[in-house]
Amino acid sequence: MSHPPIPAPSVIAGLKFALRPHAPFAAMGDADLERVVRASQIRYFEPGEVILAPESTRPAHCYVIRQGTVRGERPGATGDAAARWELSAGEMFPLGALLARRGVTSVYRATRDTFCLAFPVALFDTLIESSSVFQDFCTRRLAYLLDLSRAALQAEYAANVTEQRGLATGLAVLVRQSPLSCSPATPLADVLATMEESRIGSMPVVDDARRPLGIFTRQDVIGRIVLPGRPLATPIAAVMSAPPITLPLSATAGDAALMMARRGIRHVLLTDDDGGLAGVVSERDLFSLQRLSVRELASAMQRAPDLATLVQCATDIRALSLSLVAQGVAAGQLTRMISSLNDQIAVRILELTVPRHDLGGLALCWLGLGSEGRSEQTVATDQDNGLIFVSNDEAVAPDDIRRRLLPFAREVNEGLDRCGYPLCKGGVMAMNPRWCASLGEWKTSFANWIDRGDPNSLLAANIFFDFRALWGESGLADALREEIAVHATNNPRFLKQMSDNALANRPPINWRGELATAEDTSGVEGVDLKMSGSVPFVDGARILALATGVRATHTVERLTEAGARKGIPPDEIRAWCDAFEFVQLLRLREQHRRAGRGTMGEGNPNVVPLAELSALDRRILKEAMRQVRKLQQRLELDYPG
């Protein structure tokens, strides 16, 4: 039996040095890395030469690109239609075929003078079994690379932000002792004495199985005991807040901060796997994790006496987002938190504006649309909103009600503009008479868009189908959503038209499988991370959600829920979600950089120059664009022709 020649020691050292900068080799032990190098043959492929072609048998080798590029192509296709992806130095292939023990389904072709290390499939199998780093990379490649990128990004931000414990910290870490609790029948006097003696700010109320029933806090004393003059013999059940807000012990500090911001509370109860009380996390516990308290910021917005105060709060939101990225908060959680705080800016503006207008006899619902409706806002976002109304007097014409409401809507839109959320250039705002409409008019508009499916209707669908109630009678938004869901699901022609429209926005990968760039209005050459990155995922998720009756508006939730209903493999869905959140994180980073340079208003804040991306981020961005292609291929299968 013949064996490949063993490279000379100097060659081995050189090859190890060349592989070390690349994942997963950077994290592998020296012995495993040496095994790869010693078992490898160096193979040269000239430009245009086929390295692997579709066949039924499993490839005999795993390849690592040492120099040059390899393109993946569709069998039998040519030109732009052939290219699927491009691999560069440090990348391995064909991982999917090797893991699945099958032949490759794509053509692997060298696009220039290319040198690869080829090591036997037997060693590949051995490393999968013996090296957790190698296995982790091969089985969850995109997620593995994202972990590396997030770590690098966190380090970059942390250099400019005071070092703090992260909001990604598990809440279990914050639980220092077993929580005190009481039964519902415990007298107020005993509860207050225990709280004072133990110097705690809250008392959870639990049943016999220690499942939380409610909570009583120091902030409740004046309003619920002193002012009403309740006797101290009163059972705690009479004054507790119920049901309590809870999170599992496995949740993160970021989850708690977001919950506090949304609910306007200072304490969250933690539960174990059996639903029993496991701990209490207070706002004070989170102070050690962040300088700028999410809860304090939310509280300041809720108490804001005027628009000027809210303008400062909006500035604080952007500063907080920078700090949270430095703490390692994931993009999905971060954009939700930004959106939640932006929601509260809008709600407080609405509350301050209402008393200055005659709105009597009307049920109103202020809608967030677009990225706000999906809870996916970044720090550079304009406003998209609308207003639903229903009159108590059916005899009053919608036009008469609209005339009453438009000055109110205009004042709110202009207030949001002052807070740094620019007026929508397309006029998608409640102060536009078209989007200040009765519930019946909104239903008619959506029905017309679904039934017509012309370009204008499809454009409207991409904005308005992502609505969410922000203020007022949320039942109006619920009624509208139910009707839309039924109408859209039962209209396959409309879904086909939406799919065709989404497929027109192809990922920026040229015929060679490389990332293609375009120039924005300020002359910056780069990739538009919004239109070419996040929008294809948003569009695909919307179509899948409408097709399956999913009511969620958040892109990851749509992909997860709709994908499960359609039987799409969980690994495929997870890769889409990871790719989407990576693009969102790059968008946030670019916007932070522009804000730091004072160039936010110049050109497109979503265009990132490729020259400013690390080799790792360029690699992941290419992988994210491949995931766009895979999602679009799913749409092509579902809506062919």
# chains A, B, ... in the order shown; residues from 1 in each chain; ligands from 1

call {"tool": "residues_around", "arguments": {"residues": "Asp500 of chain A", "least_positions_apart": "5", "cutoff": "10 Å", "atoms": "only C-alpha atoms", "output": "number ranges by chain"}}
result
A: 494-495, 505, 632, 635-636, 639-641

call {"tool": "atom_distance", "arguments": {"atom1": "atom CA of Asp417 of chain A", "atom2": "atom CA of Gln312 of chain A"}}
result
13.0 Å

call {"tool": "residues_around", "arguments": {"residues": "segment 574-588 of chain A", "least_positions_apart": "6", "cutoff": "7 Å", "atoms": "only C-alpha atoms", "output": "list of chain:residue names"}}
result
A:Leu142, A:Ala143, A:Ala331, A:Gly332, A:Thr378, A:Val379, A:Leu529, A:Gly533, A:Ser534, A:Phe537, A:Val556, A:Asn606, A:Ala624, A:Gln627

call {"tool": "write_last_selection", "arguments": {"atoms": "N, CA, C and O atoms", "output": "CSV table (one decimal), in the first residue's frame"}}
result
chain,number,residue,atom,x,y,z
A,142,LEU,N,-21.3,28.3,9.5
A,142,LEU,CA,-21.7,29.7,9.5
A,142,LEU,C,-21.8,30.2,11.0
A,142,LEU,O,-21.3,31.3,11.3
A,143,ALA,N,-22.4,29.4,11.8
A,143,ALA,CA,-22.5,29.8,13.2
A,143,ALA,C,-21.1,29.9,13.9
A,143,ALA,O,-20.9,30.8,14.7
A,331,ALA,N,-27.3,40.7,17.5
A,331,ALA,CA,-28.0,41.7,16.7
A,331,ALA,C,-29.5,41.6,16.8
A,331,ALA,O,-30.2,42.6,16.9
A,332,GLY,N,-30.0,40.4,16.9
A,332,GLY,CA,-31.5,40.2,17.0
A,332,GLY,C,-32.0,40.9,18.2
A,332,GLY,O,-33.0,41.6,18.2
A,378,THR,N,-32.5,49.8,13.2
A,378,THR,CA,-31.1,50.0,13.5
A,378,THR,C,-31.1,51.5,14.0
A,378,THR,O,-32.1,52.1,14.2
A,379,VAL,N,-29.8,52.0,14.1
A,379,VAL,CA,-29.7,53.4,14.6
A,379,VAL,C,-29.9,54.4,13.6
A,379,VAL,O,-30.1,55.6,13.9
A,529,LEU,N,-25.8,46.8,2.5
A,529,LEU,CA,-26.2,45.7,3.4
A,529,LEU,C,-27.7,45.6,3.7
A,529,LEU,O,-28.2,44.6,4.1
A,533,GLY,N,-28.6,42.8,1.4
A,533,GLY,CA,-28.4,41.8,2.5
A,533,GLY,C,-29.6,41.5,3.3
A,533,GLY,O,-30.1,40.4,3.2
A,534,SER,N,-30.2,42.5,4.0
A,534,SER,CA,-31.3,42.1,4.9
A,534,SER,C,-32.6,42.1,4.2
A,534,SER,O,-33.5,41.2,4.5
A,537,PHE,N,-33.8,38.6,2.9
A,537,PHE,CA,-34.3,37.7,4.0
A,537,PHE,C,-35.7,38.2,4.5
A,537,PHE,O,-36.6,37.4,4.7
A,556,VAL,N,-36.8,36.7,11.9
A,556,VAL,CA,-36.4,35.4,12.5
A,556,VAL,C,-37.6,34.6,12.9
A,556,VAL,O,-37.6,33.4,12.7
A,606,ASN,N,-26.1,52.4,4.9
A,606,ASN,CA,-26.1,50.9,4.9
A,606,ASN,C,-25.1,50.3,4.0
A,606,ASN,O,-24.9,49.1,3.8
A,624,ALA,N,-23.2,34.6,3.8
A,624,ALA,CA,-24.6,35.1,4.0
A,624,ALA,C,-25.3,35.3,2.7
A,624,ALA,O,-26.5,35.0,2.6
A,627,GLN,N,-26.6,32.1,1.5
A,627,GLN,CA,-27.8,31.8,2.2
A,627,GLN,C,-29.0,32.5,1.6
A,627,GLN,O,-30.1,32.0,1.5

call {"tool": "residues_around", "arguments": {"residues": "Met240 of chain A", "least_positions_apart": "5", "cutoff": "9 Å", "atoms": "only C-alpha atoms", "output": "ChimeraX atom specification"}}
result
/A:184,204-205,213-217,220,224

call {"tool": "atom_distance", "arguments": {"atom1": "atom CA of Ala460 of chain A", "atom2": "atom CA of Arg542 of chain A"}}
result
12.9 Å

call {"tool": "residues_around", "arguments": {"residues": "Glu91 of chain A", "least_positions_apart": "6", "cutoff": "8 Å", "atoms": "only C-alpha atoms", "output": "JSON, numbers by chain"}}
result
{"A": [22, 64, 65]}

call {"tool": "residues_around", "arguments": {"residues": "segment 101-104 of chain A", "least_positions_apart": "6", "cutoff": "10 Å", "atoms": "only C-alpha atoms", "output": "list in words"}}
result
Leu52, Ala53, Pro54, Glu55, Ser56, Thr57, Arg58, Pro59, Ala60, Phe93, Pro94, Leu95 and Val121 of chain A

call {"tool": "residues_around", "arguments": {"residues": "segment 354-365 of chain A", "least_positions_apart": "4", "cutoff": "12 Å", "atoms": "only C-alpha atoms", "output": "MDAnalysis selection string"}}
result
chainID A and resid 347:350 385:394 396 398 401:412 430 435:439 442 467:480

call {"tool": "closest_residue", "arguments": {"among": "A:Pro120, A:Gly264, A:Pro179, A:Gly453", "to": "Ala300 of chain A", "atoms": "only C-alpha atoms"}}
result
A:Gly264

call {"tool": "atom_distance", "arguments": {"atom1": "atom CA of Leu192 of chain A", "atom2": "atom CA of Arg218 of chain A"}}
result
8.8 Å

call {"tool": "select_by_dssp", "arguments": {"residues": "segment 155-327 of chain A", "states": "strand (DSSP E or B)", "output": "PyMOL selection string"}}
result
chain A and resi 170+182+187+202-206+212-217+235+241+246-248+252+267-271+277-282
